[in-house]
>>> print(open('my_file-v2.pdb').read())   # PDB, C-alpha atoms, pLDDT in the B column
ATOM      1  CA  MET A   1     212.285 109.839  91.208  1.00 51.00           C
ATOM      2  CA  THR A   2     215.570 111.511  90.300  1.00 53.00           C
ATOM      3  CA  ASP A   3     215.851 114.619  88.145  1.00 62.00           C
ATOM      4  CA  ASP A   4     219.438 113.780  87.121  1.00 74.00           C
ATOM      5  CA  LEU A   5     220.133 112.634  83.572  1.00 84.00           C
ATOM      6  CA  ILE A   6     220.189 108.929  82.746  1.00 88.00           C
ATOM      7  CA  THR A   7     222.292 108.098  79.692  1.00 90.00           C
ATOM      8  CA  ILE A   8     222.100 104.951  77.583  1.00 90.00           C
ATOM      9  CA  VAL A   9     225.281 104.506  75.584  1.00 90.00           C
ATOM     10  CA  ARG A  10     227.451 101.955  73.844  1.00 86.00           C
ATOM     11  CA  GLY A  11     230.565 101.526  75.977  1.00 80.00           C
ATOM     12  CA  ARG A  12     234.158 101.262  74.854  1.00 77.00           C
ATOM     13  CA  GLY A  13     233.946  97.467  74.763  1.00 78.00           C
ATOM     14  CA  GLY A  14     230.819  97.512  72.594  1.00 81.00           C
ATOM     15  CA  GLU A  15     228.405  96.819  75.456  1.00 84.00           C
ATOM     16  CA  VAL A  16     225.201  98.849  75.810  1.00 89.00           C
ATOM     17  CA  GLU A  17     224.864 100.269  79.316  1.00 89.00           C
ATOM     18  CA  ALA A  18     222.745 102.719  81.260  1.00 90.00           C
ATOM     19  CA  GLU A  19     224.524 105.232  83.462  1.00 88.00           C
ATOM     20  CA  GLY A  20     223.351 107.749  86.025  1.00 86.00           C
ATOM     21  CA  PRO A  21     221.451 107.688  89.310  1.00 81.00           C
ATOM     22  CA  MET A  22     218.891 104.866  89.339  1.00 83.00           C
ATOM     23  CA  ASP A  23     216.071 104.550  91.812  1.00 84.00           C
ATOM     24  CA  SER A  24     214.016 101.367  92.128  1.00 81.00           C
ATOM     25  CA  LEU A  25     211.517 102.368  89.415  1.00 81.00           C
ATOM     26  CA  ALA A  26     214.229 103.252  86.871  1.00 84.00           C
ATOM     27  CA  SER A  27     215.982  99.963  87.594  1.00 86.00           C
ATOM     28  CA  GLU A  28     212.705  98.068  87.166  1.00 85.00           C
ATOM     29  CA  LEU A  29     211.967  99.764  83.828  1.00 85.00           C
ATOM     30  CA  LEU A  30     215.440  98.927  82.529  1.00 87.00           C
ATOM     31  CA  ALA A  31     214.916  95.297  83.525  1.00 87.00           C
ATOM     32  CA  ARG A  32     211.630  95.207  81.605  1.00 84.00           C
ATOM     33  CA  ALA A  33     213.448  96.467  78.528  1.00 83.00           C
ATOM     34  CA  GLY A  34     215.944  93.604  78.763  1.00 87.00           C
ATOM     35  CA  PHE A  35     218.762  95.117  80.823  1.00 89.00           C
ATOM     36  CA  VAL A  36     220.534  92.975  83.379  1.00 90.00           C
ATOM     37  CA  LYS A  37     221.999  94.186  86.650  1.00 86.00           C
ATOM     38  CA  GLU A  38     225.465  93.285  87.891  1.00 84.00           C
ATOM     39  CA  TYR A  39     227.186  94.236  91.126  1.00 83.00           C
ATOM     40  CA  THR A  40     230.751  95.450  90.562  1.00 79.00           C
ATOM     41  CA  LEU A  41     233.400  97.248  92.599  1.00 73.00           C
ATOM     42  CA  ARG A  42     232.215 100.523  91.034  1.00 76.00           C
ATOM     43  CA  GLY A  43     228.595  99.875  91.980  1.00 77.00           C
ATOM     44  CA  ILE A  44     225.611  98.487  90.113  1.00 83.00           C
ATOM     45  CA  TRP A  45     226.106  98.037  86.370  1.00 86.00           C
ATOM     46  CA  HIS A  46     222.980  98.127  84.182  1.00 87.00           C
ATOM     47  CA  ARG A  47     223.659  96.656  80.747  1.00 89.00           C
ATOM     48  CA  LEU A  48     222.072  94.709  77.924  1.00 88.00           C
ATOM     49  CA  PRO A  49     223.086  91.065  77.471  1.00 86.00           C
ATOM     50  CA  PHE A  50     226.208  90.553  75.391  1.00 83.00           C
ATOM     51  CA  ASP A  51     226.360  89.224  71.833  1.00 76.00           C
ATOM     52  CA  MET A  52     222.706  89.741  70.945  1.00 80.00           C
ATOM     53  CA  GLY A  53     223.456  91.689  67.788  1.00 83.00           C
ATOM     54  CA  MET A  54     223.390  95.415  67.097  1.00 84.00           C
ATOM     55  CA  GLU A  55     219.804  95.472  65.809  1.00 85.00           C
ATOM     56  CA  TRP A  56     218.489  93.768  68.970  1.00 85.00           C
ATOM     57  CA  GLU A  57     220.581  96.015  71.200  1.00 88.00           C
ATOM     58  CA  ASN A  58     219.438  99.197  69.452  1.00 88.00           C
ATOM     59  CA  GLU A  59     215.790  98.147  69.671  1.00 87.00           C
ATOM     60  CA  HIS A  60     215.959  97.365  73.383  1.00 87.00           C
ATOM     61  CA  ALA A  61     218.027 100.452  74.217  1.00 89.00           C
ATOM     62  CA  SER A  62     215.425 102.564  72.447  1.00 87.00           C
ATOM     63  CA  GLN A  63     212.606 100.808  74.319  1.00 84.00           C
ATOM     64  CA  ALA A  64     214.368 101.468  77.617  1.00 86.00           C
ATOM     65  CA  ALA A  65     214.737 105.161  76.783  1.00 87.00           C
ATOM     66  CA  GLU A  66     211.077 105.434  75.799  1.00 84.00           C
ATOM     67  CA  MET A  67     209.906 103.732  78.989  1.00 81.00           C
ATOM     68  CA  LEU A  68     212.072 105.961  81.166  1.00 84.00           C
ATOM     69  CA  ARG A  69     210.839 109.074  79.359  1.00 82.00           C
ATOM     70  CA  ALA A  70     207.262 107.862  79.743  1.00 76.00           C
ATOM     71  CA  ALA A  71     207.899 107.757  83.490  1.00 76.00           C
ATOM     72  CA  ARG A  72     209.240 111.336  83.260  1.00 76.00           C
ATOM     73  CA  TYR A  73     212.932 110.566  83.741  1.00 82.00           C
ATOM     74  CA  PRO A  74     215.375 112.808  81.843  1.00 84.00           C
ATOM     75  CA  VAL A  75     217.120 110.483  79.386  1.00 87.00           C
ATOM     76  CA  ARG A  76     219.792 110.829  76.723  1.00 88.00           C
ATOM     77  CA  LEU A  77     219.981 107.972  74.223  1.00 88.00           C
ATOM     78  CA  ASP A  78     223.212 107.639  72.263  1.00 86.00           C
ATOM     79  CA  PRO A  79     222.235 108.511  68.652  1.00 84.00           C
ATOM     80  CA  ALA A  80     224.162 105.440  67.505  1.00 80.00           C
ATOM     81  CA  LEU A  81     221.600 103.298  69.364  1.00 82.00           C
ATOM     82  CA  ALA A  82     218.566 104.641  67.500  1.00 74.00           C
ATOM     83  CA  PRO A  83     216.755 101.750  65.785  1.00 67.00           C
ATOM     84  CA  ALA A  84     216.775 101.690  62.011  1.00 58.00           C
ATOM     85  CA  SER A  85     213.085 100.770  61.856  1.00 50.00           C
ATOM     86  CA  VAL A  86     210.249 103.208  61.220  1.00 42.00           C
ATOM     87  CA  PRO A  87     209.477 105.255  64.354  1.00 48.00           C
ATOM     88  CA  SER A  88     206.679 103.836  66.478  1.00 46.00           C
ATOM     89  CA  ALA A  89     203.378 105.598  67.098  1.00 43.00           C
ATOM     90  CA  ASP A  90     204.659 106.556  70.536  1.00 46.00           C
ATOM     91  CA  ARG A  91     207.492 108.580  69.011  1.00 52.00           C
ATOM     92  CA  VAL A  92     206.293 111.863  67.494  1.00 55.00           C
ATOM     93  CA  ASP A  93     208.179 113.965  64.955  1.00 60.00           C
ATOM     94  CA  VAL A  94     208.350 117.482  66.395  1.00 63.00           C
ATOM     95  CA  PRO A  95     208.340 120.401  63.910  1.00 67.00           C
ATOM     96  CA  PRO A  96     211.599 122.400  64.004  1.00 72.00           C
ATOM     97  CA  SER A  97     209.774 125.552  65.156  1.00 68.00           C
ATOM     98  CA  VAL A  98     208.303 123.705  68.140  1.00 70.00           C
ATOM     99  CA  ALA A  99     211.651 122.138  68.989  1.00 71.00           C
ATOM    100  CA  ALA A 100     213.300 125.575  68.844  1.00 74.00           C
ATOM    101  CA  ALA A 101     210.646 127.051  71.150  1.00 71.00           C
ATOM    102  CA  ALA A 102     211.125 124.176  73.596  1.00 73.00           C
ATOM    103  CA  GLN A 103     214.896 124.711  73.570  1.00 74.00           C
ATOM    104  CA  THR A 104     214.402 128.434  74.236  1.00 73.00           C
ATOM    105  CA  LEU A 105     212.191 127.655  77.219  1.00 74.00           C
ATOM    106  CA  LYS A 106     214.756 125.175  78.555  1.00 74.00           C
ATOM    107  CA  ALA A 107     217.423 127.876  78.339  1.00 75.00           C
ATOM    108  CA  ARG A 108     215.160 130.365  80.138  1.00 71.00           C
ATOM    109  CA  ALA A 109     214.472 127.821  82.866  1.00 73.00           C
ATOM    110  CA  ALA A 110     218.215 127.264  83.320  1.00 72.00           C
ATOM    111  CA  ASP A 111     218.807 131.031  83.572  1.00 70.00           C
ATOM    112  CA  GLY A 112     215.720 131.720  85.684  1.00 68.00           C
ATOM    113  CA  THR A 113     217.438 131.657  89.066  1.00 69.00           C
ATOM    114  CA  ASP A 114     219.814 134.433  87.963  1.00 74.00           C
ATOM    115  CA  LEU A 115     217.076 137.037  87.498  1.00 77.00           C
ATOM    116  CA  GLN A 116     217.832 140.060  89.680  1.00 78.00           C
ATOM    117  CA  GLN A 117     214.869 142.404  89.233  1.00 82.00           C
ATOM    118  CA  PRO A 118     211.083 141.942  89.347  1.00 85.00           C
ATOM    119  CA  HIS A 119     210.634 143.217  85.785  1.00 85.00           C
ATOM    120  CA  GLU A 120     213.156 140.650  84.537  1.00 84.00           C
ATOM    121  CA  ALA A 121     211.131 137.885  86.179  1.00 84.00           C
ATOM    122  CA  GLY A 122     207.952 139.332  84.684  1.00 85.00           C
ATOM    123  CA  ARG A 123     209.421 139.342  81.178  1.00 82.00           C
ATOM    124  CA  ALA A 124     210.557 135.750  81.621  1.00 80.00           C
ATOM    125  CA  LEU A 125     206.962 134.748  82.364  1.00 83.00           C
ATOM    126  CA  ALA A 126     205.305 136.989  79.773  1.00 80.00           C
ATOM    127  CA  ALA A 127     206.060 134.771  76.777  1.00 74.00           C
ATOM    128  CA  LEU A 128     204.206 131.924  78.406  1.00 80.00           C
ATOM    129  CA  ALA A 129     200.927 133.685  78.891  1.00 79.00           C
ATOM    130  CA  GLN A 130     200.625 137.188  77.410  1.00 74.00           C
ATOM    131  CA  GLY A 131     198.793 138.242  74.283  1.00 70.00           C
ATOM    132  CA  GLU A 132     198.511 136.492  70.943  1.00 71.00           C
ATOM    133  CA  ASP A 133     201.977 134.939  71.273  1.00 72.00           C
ATOM    134  CA  SER A 134     201.136 133.061  74.466  1.00 80.00           C
ATOM    135  CA  LEU A 135     202.748 129.619  74.459  1.00 82.00           C
ATOM    136  CA  LEU A 136     200.177 128.135  76.832  1.00 84.00           C
ATOM    137  CA  ARG A 137     197.112 129.108  74.794  1.00 84.00           C
ATOM    138  CA  PRO A 138     197.965 127.017  71.685  1.00 84.00           C
ATOM    139  CA  ALA A 139     198.661 124.005  73.895  1.00 86.00           C
ATOM    140  CA  ALA A 140     195.227 124.399  75.501  1.00 87.00           C
ATOM    141  CA  ASP A 141     193.645 124.794  72.046  1.00 88.00           C
ATOM    142  CA  VAL A 142     195.329 121.590  70.808  1.00 88.00           C
ATOM    143  CA  LEU A 143     193.955 119.648  73.781  1.00 89.00           C
ATOM    144  CA  LEU A 144     190.445 120.954  73.134  1.00 90.00           C
ATOM    145  CA  ALA A 145     190.608 120.248  69.398  1.00 90.00           C
ATOM    146  CA  VAL A 146     191.781 116.686  69.983  1.00 89.00           C
ATOM    147  CA  ALA A 147     189.080 116.255  72.640  1.00 89.00           C
ATOM    148  CA  THR A 148     186.474 117.249  70.059  1.00 90.00           C
ATOM    149  CA  ALA A 149     187.852 114.722  67.558  1.00 89.00           C
ATOM    150  CA  VAL A 150     188.100 111.908  70.121  1.00 88.00           C
ATOM    151  CA  SER A 151     184.548 112.539  71.357  1.00 88.00           C
ATOM    152  CA  SER A 152     183.185 111.303  68.014  1.00 87.00           C
ATOM    153  CA  LEU A 153     184.909 107.923  68.353  1.00 87.00           C
ATOM    154  CA  PRO A 154     182.780 105.011  69.608  1.00 88.00           C
ATOM    155  CA  GLY A 155     183.155 103.569  73.075  1.00 87.00           C
ATOM    156  CA  PRO A 156     183.160 104.849  76.668  1.00 87.00           C
ATOM    157  CA  ALA A 157     186.975 104.903  76.894  1.00 87.00           C
ATOM    158  CA  HIS A 158     187.182 107.482  74.100  1.00 88.00           C
ATOM    159  CA  HIS A 159     184.444 109.546  75.718  1.00 89.00           C
ATOM    160  CA  ARG A 160     186.348 109.522  79.015  1.00 89.00           C
ATOM    161  CA  ASP A 161     189.518 110.591  77.233  1.00 89.00           C
ATOM    162  CA  ALA A 162     187.654 113.422  75.500  1.00 90.00           C
ATOM    163  CA  ARG A 163     186.252 114.705  78.802  1.00 90.00           C
ATOM    164  CA  ARG A 164     189.676 114.507  80.455  1.00 89.00           C
ATOM    165  CA  LEU A 165     191.351 116.348  77.585  1.00 89.00           C
ATOM    166  CA  ALA A 166     188.718 119.089  77.809  1.00 91.00           C
ATOM    167  CA  GLU A 167     189.361 119.372  81.551  1.00 90.00           C
ATOM    168  CA  LEU A 168     193.113 119.588  81.011  1.00 89.00           C
ATOM    169  CA  SER A 169     192.580 122.272  78.372  1.00 89.00           C
ATOM    170  CA  GLY A 170     190.681 124.254  80.983  1.00 90.00           C
ATOM    171  CA  VAL A 171     193.465 123.692  83.518  1.00 88.00           C
ATOM    172  CA  LEU A 172     195.989 125.141  81.054  1.00 88.00           C
ATOM    173  CA  ARG A 173     193.777 128.180  80.505  1.00 87.00           C
ATOM    174  CA  VAL A 174     193.657 128.716  84.278  1.00 90.00           C
ATOM    175  CA  VAL A 175     197.455 128.361  84.435  1.00 89.00           C
ATOM    176  CA  GLU A 176     197.793 130.870  81.580  1.00 87.00           C
ATOM    177  CA  THR A 177     195.620 133.425  83.391  1.00 88.00           C
ATOM    178  CA  GLU A 178     197.442 133.010  86.699  1.00 89.00           C
ATOM    179  CA  VAL A 179     200.884 133.252  85.102  1.00 88.00           C
ATOM    180  CA  ASP A 180     199.783 136.363  83.206  1.00 88.00           C
ATOM    181  CA  ARG A 181     198.585 138.011  86.449  1.00 88.00           C
ATOM    182  CA  ILE A 182     201.871 137.264  88.211  1.00 90.00           C
ATOM    183  CA  ALA A 183     203.888 138.481  85.216  1.00 87.00           C
ATOM    184  CA  LEU A 184     201.999 141.800  85.165  1.00 87.00           C
ATOM    185  CA  ARG A 185     202.544 142.303  88.910  1.00 89.00           C
ATOM    186  CA  LEU A 186     206.250 141.608  88.611  1.00 88.00           C
ATOM    187  CA  ARG A 187     206.725 143.942  85.647  1.00 85.00           C
ATOM    188  CA  ALA A 188     204.977 146.751  87.537  1.00 87.00           C
ATOM    189  CA  ALA A 189     206.980 146.265  90.734  1.00 87.00           C
ATOM    190  CA  PRO A 190     209.790 148.757  91.530  1.00 86.00           C
ATOM    191  CA  ASP A 191     213.390 147.681  91.073  1.00 84.00           C
ATOM    192  CA  VAL A 192     215.376 146.453  94.040  1.00 79.00           C
ATOM    193  CA  THR A 193     218.133 149.066  94.353  1.00 77.00           C
ATOM    194  CA  SER A 194     220.303 147.316  96.933  1.00 68.00           C
ATOM    195  CA  SER A 195     220.975 143.883  98.321  1.00 65.00           C
ATOM    196  CA  ALA A 196     219.980 144.977 101.830  1.00 59.00           C
ATOM    197  CA  GLY A 197     216.346 143.995 101.424  1.00 59.00           C
ATOM    198  CA  ARG A 198     217.041 140.666  99.772  1.00 65.00           C
ATOM    199  CA  THR A 199     216.718 137.383 101.592  1.00 68.00           C
ATOM    200  CA  LYS A 200     218.808 134.326 100.905  1.00 68.00           C
ATOM    201  CA  GLN A 201     217.595 132.568  97.786  1.00 66.00           C
ATOM    202  CA  ALA A 202     215.858 129.303  98.573  1.00 67.00           C
ATOM    203  CA  THR A 203     215.444 126.336  96.259  1.00 71.00           C
ATOM    204  CA  VAL A 204     211.737 126.205  95.446  1.00 73.00           C
ATOM    205  CA  GLU A 205     210.424 122.740  94.625  1.00 79.00           C
ATOM    206  CA  VAL A 206     207.145 121.253  93.504  1.00 78.00           C
ATOM    207  CA  PRO A 207     205.020 120.501  96.595  1.00 83.00           C
ATOM    208  CA  ALA A 208     205.457 116.966  97.907  1.00 83.00           C
ATOM    209  CA  LYS A 209     201.848 115.960  97.181  1.00 84.00           C
ATOM    210  CA  LEU A 210     202.221 116.957  93.540  1.00 82.00           C
ATOM    211  CA  GLN A 211     205.596 115.223  93.289  1.00 78.00           C
ATOM    212  CA  SER A 212     203.941 112.037  94.551  1.00 82.00           C
ATOM    213  CA  LEU A 213     201.140 112.418  92.005  1.00 81.00           C
ATOM    214  CA  ILE A 214     203.655 112.981  89.183  1.00 76.00           C
ATOM    215  CA  HIS A 215     205.543 109.861  90.263  1.00 76.00           C
ATOM    216  CA  ARG A 216     202.373 107.734  90.311  1.00 78.00           C
ATOM    217  CA  LEU A 217     201.213 109.026  86.933  1.00 77.00           C
ATOM    218  CA  GLY A 218     204.671 108.488  85.469  1.00 73.00           C
ATOM    219  CA  HIS A 219     204.738 104.910  86.754  1.00 71.00           C
ATOM    220  CA  ALA A 220     201.292 104.250  85.275  1.00 73.00           C
ATOM    221  CA  ARG A 221     202.348 105.811  81.960  1.00 69.00           C
ATOM    222  CA  ALA A 222     205.409 103.570  81.804  1.00 68.00           C
ATOM    223  CA  ARG A 223     203.259 100.470  82.393  1.00 69.00           C
ATOM    224  CA  GLU A 224     200.845 101.563  79.650  1.00 68.00           C
ATOM    225  CA  TYR A 225     203.763 102.045  77.284  1.00 63.00           C
ATOM    226  CA  GLU A 226     205.153  98.627  78.204  1.00 62.00           C
ATOM    227  CA  ALA A 227     201.809  97.008  77.389  1.00 63.00           C
ATOM    228  CA  HIS A 228     202.229  98.060  73.744  1.00 58.00           C
ATOM    229  CA  LEU A 229     205.727  96.593  73.396  1.00 56.00           C
ATOM    230  CA  PRO A 230     206.330  93.198  71.813  1.00 55.00           C
ATOM    231  CA  VAL A 231     207.331  90.501  74.292  1.00 54.00           C
ATOM    232  CA  PRO A 232     211.129  90.141  73.972  1.00 51.00           C
ATOM    233  CA  ALA A 233     212.638  86.733  73.472  1.00 52.00           C
ATOM    234  CA  ALA A 234     214.651  85.494  76.429  1.00 52.00           C
ATOM    235  CA  PRO A 235     218.308  85.972  75.522  1.00 51.00           C
ATOM    236  CA  GLY A 236     220.707  83.067  75.749  1.00 52.00           C
ATOM    237  CA  GLU A 237     223.674  84.898  77.184  1.00 48.00           C
ATOM    238  CA  PRO A 238     227.168  83.475  77.308  1.00 47.00           C
ATOM    239  CA  GLY A 239     229.104  84.089  80.521  1.00 45.00           C
ATOM    240  CA  ARG A 240     231.189  87.228  80.561  1.00 48.00           C
ATOM    241  CA  SER A 241     232.409  89.606  83.215  1.00 45.00           C
ATOM    242  CA  ARG A 242     233.218  93.257  83.113  1.00 49.00           C
TER     243      ARG A 242
END
>>> encode(input="my_file-v2.pdb", output="structure tokens")
Amino acid sequence: MTDDLITIVRGRGGEVEAEGPMDSLASELLARAGFVKEYTLRGIWHRLPFDMGMEWENEHASQAAEMLRAARYPVRLDPALAPASVPSADRVDVPPSVAAAAQTLKARAADGTDLQQPHEAGRALAALAQGEDSLLRPAADVLLAVATAVSSLPGPAHHRDARRLAELSGVLRVVETEVDRIALRLRAAPDVTSSAGRTKQATVEVPAKLQSLIHRLGHARAREYEAHLPVPAAPGEPGRSR
């Protein structure tokens, strides 16, 4: 799975196309959402069929974006392609305060590799896990509250979901405690006064086993999302070349 951005846009000729690095899963998800694949001199061109109408194109472009996001691909959907219909249950309106907090965390993640001193790294972690303003604690509380609500619903599937949500809430609490411990250690560490003791910065990645798990879960999530989509009508596409 690639971490590079996939964009779904309306091109200069009016066609709706997906651009960016595509692995086999991303290509498969686009195909399920109605995109066709053409081989051109510039490479593989992923696009929606021509002349299907703007409403159809917007709906299928939005479905493609949702499926890719469900599989944990970073996606940017051209705002002009947003469907005019009421948002689906899979699309959640995020309060502005939550969106602002998420944007702040994204900015901190982008700047994280530039931290020079231990106390700077500690402060960067502190907001996630320290005190009453911990960002991880409310997320864990939400999971537990929803688990409690779901546990009262009939059927074994709901009971399984409730147990899993409770487990995940506990996992977040463990993550919060561990991050807090590391943040405190970093803030108490002495400053590095020279570059002599520094080693070359390495790119730290998620362990391969976890990356594989994330990929499998993302693939399963995309298939679950697809199961809730209406079956698209097969387009009758006139011949046209790029």
>>> closest_residue(input="my_file-v2.pdb", among="A:Thr7, A:Gln63, A:Gln117, A:Asn58", to="A:Leu29", atoms="only C-alpha atoms")
A:Gln63
>>> atom_distance(input="my_file-v2.pdb", atom1="atom CA of A:Ala220", atom2="atom CA of A:Ala71")
7.7 Å
>>> resolve_selection(input="my_file-v2.pdb", expression="the PyMOL selection byres ((chain A and resi 36) around 10)", output="list of chain:residue names")
A:Glu17, A:Ser27, A:Leu30, A:Ala31, A:Arg32, A:Ala33, A:Gly34, A:Phe35, A:Lys37, A:Glu38, A:Trp45, A:His46, A:Arg47, A:Leu48, A:Pro49
>>> atom_distance(input="my_file-v2.pdb", atom1="atom CA of A:Ala100", atom2="atom CA of A:Ala126")
17.7 Å
>>> closest_residue(input="my_file-v2.pdb", among="A:Pro154, A:Thr193, A:Val206, A:Leu136", to="A:Thr177", atoms="all atoms listed in the file")
A:Leu136
>>> atom_distance(input="my_file-v2.pdb", atom1="atom CA of A:Arg137", atom2="atom CA of A:Gly122")
17.9 Å
>>> closest_residue(input="my_file-v2.pdb", among="A:Thr203, A:Tyr73, A:Glu176, A:Leu81", to="A:Glu59", atoms="all atoms listed in the file")
A:Leu81
>>> closest_residue(input="my_file-v2.pdb", among="A:Met52, A:Ala70, A:Leu5, A:Leu165", to="A:His215", atoms="only C-alpha atoms")
A:Ala70
>>> resolve_selection(input="my_file-v2.pdb", expression="the PyMOL selection byres ((chain A and resi 186) around 6)", output="list in words")
Pro118, His119, Gly122, Ala183, Leu184, Arg185, Arg187, Ala188 and Ala189 of chain A
>>> write_last_selection(input="my_file-v2.pdb", atoms="C-alpha atoms", output="short mmCIF file (atom, residue, chain, number, x, y, z; two decimals), keeping the file's coordinate frame")
data_model
loop_
_atom_site.label_atom_id
_atom_site.label_comp_id
_atom_site.auth_asym_id
_atom_site.auth_seq_id
_atom_site.Cartn_x
_atom_site.Cartn_y
_atom_site.Cartn_z
CA PRO A 118 211.08 141.94 89.35
CA HIS A 119 210.63 143.22 85.78
CA GLY A 122 207.95 139.33 84.68
CA ALA A 183 203.89 138.48 85.22
CA LEU A 184 202.00 141.80 85.16
CA ARG A 185 202.54 142.30 88.91
CA ARG A 187 206.72 143.94 85.65
CA ALA A 188 204.98 146.75 87.54
CA ALA A 189 206.98 146.26 90.73
#
>>> resolve_selection(input="my_file-v2.pdb", expression="the PyMOL selection byres ((chain A and resi 80) around 9)", output="list in words")
Val9, Arg10, Asn58, Leu77, Asp78, Pro79, Leu81, Ala82 and Pro83 of chain A
>>> closest_residue(input="my_file-v2.pdb", among="A:Glu167, A:Asp4, A:Glu66, A:Asp111", to="A:Gly218", atoms="all atoms listed in the file")
A:Glu66
>>> residues_around(input="my_file-v2.pdb", residues="stretch 144-151 of chain A", least_positions_apart="6", cutoff="12 Å", atoms="all atoms listed in the file", output="PDB file with C-alpha atoms, in the frame of the given file")
ATOM      1  CA  ARG A 137     197.112 129.108  74.794  1.00 84.00           C
ATOM      2  CA  PRO A 138     197.965 127.017  71.685  1.00 84.00           C
ATOM      3  CA  ALA A 157     186.975 104.903  76.894  1.00 87.00           C
ATOM      4  CA  HIS A 158     187.182 107.482  74.100  1.00 88.00           C
ATOM      5  CA  HIS A 159     184.444 109.546  75.718  1.00 89.00           C
ATOM      6  CA  ARG A 160     186.348 109.522  79.015  1.00 89.00           C
ATOM      7  CA  ASP A 161     189.518 110.591  77.233  1.00 89.00           C
ATOM      8  CA  ALA A 162     187.654 113.422  75.500  1.00 90.00           C
ATOM      9  CA  ARG A 163     186.252 114.705  78.802  1.00 90.00           C
ATOM     10  CA  ARG A 164     189.676 114.507  80.455  1.00 89.00           C
ATOM     11  CA  LEU A 165     191.351 116.348  77.585  1.00 89.00           C
ATOM     12  CA  ALA A 166     188.718 119.089  77.809  1.00 91.00           C
ATOM     13  CA  GLU A 167     189.361 119.372  81.551  1.00 90.00           C
ATOM     14  CA  LEU A 168     193.113 119.588  81.011  1.00 89.00           C
ATOM     15  CA  SER A 169     192.580 122.272  78.372  1.00 89.00           C
ATOM     16  CA  GLY A 170     190.681 124.254  80.983  1.00 90.00           C
ATOM     17  CA  VAL A 171     193.465 123.692  83.518  1.00 88.00           C
ATOM     18  CA  LEU A 172     195.989 125.141  81.054  1.00 88.00           C
ATOM     19  CA  ARG A 173     193.777 128.180  80.505  1.00 87.00           C
TER      20      ARG A 173
END
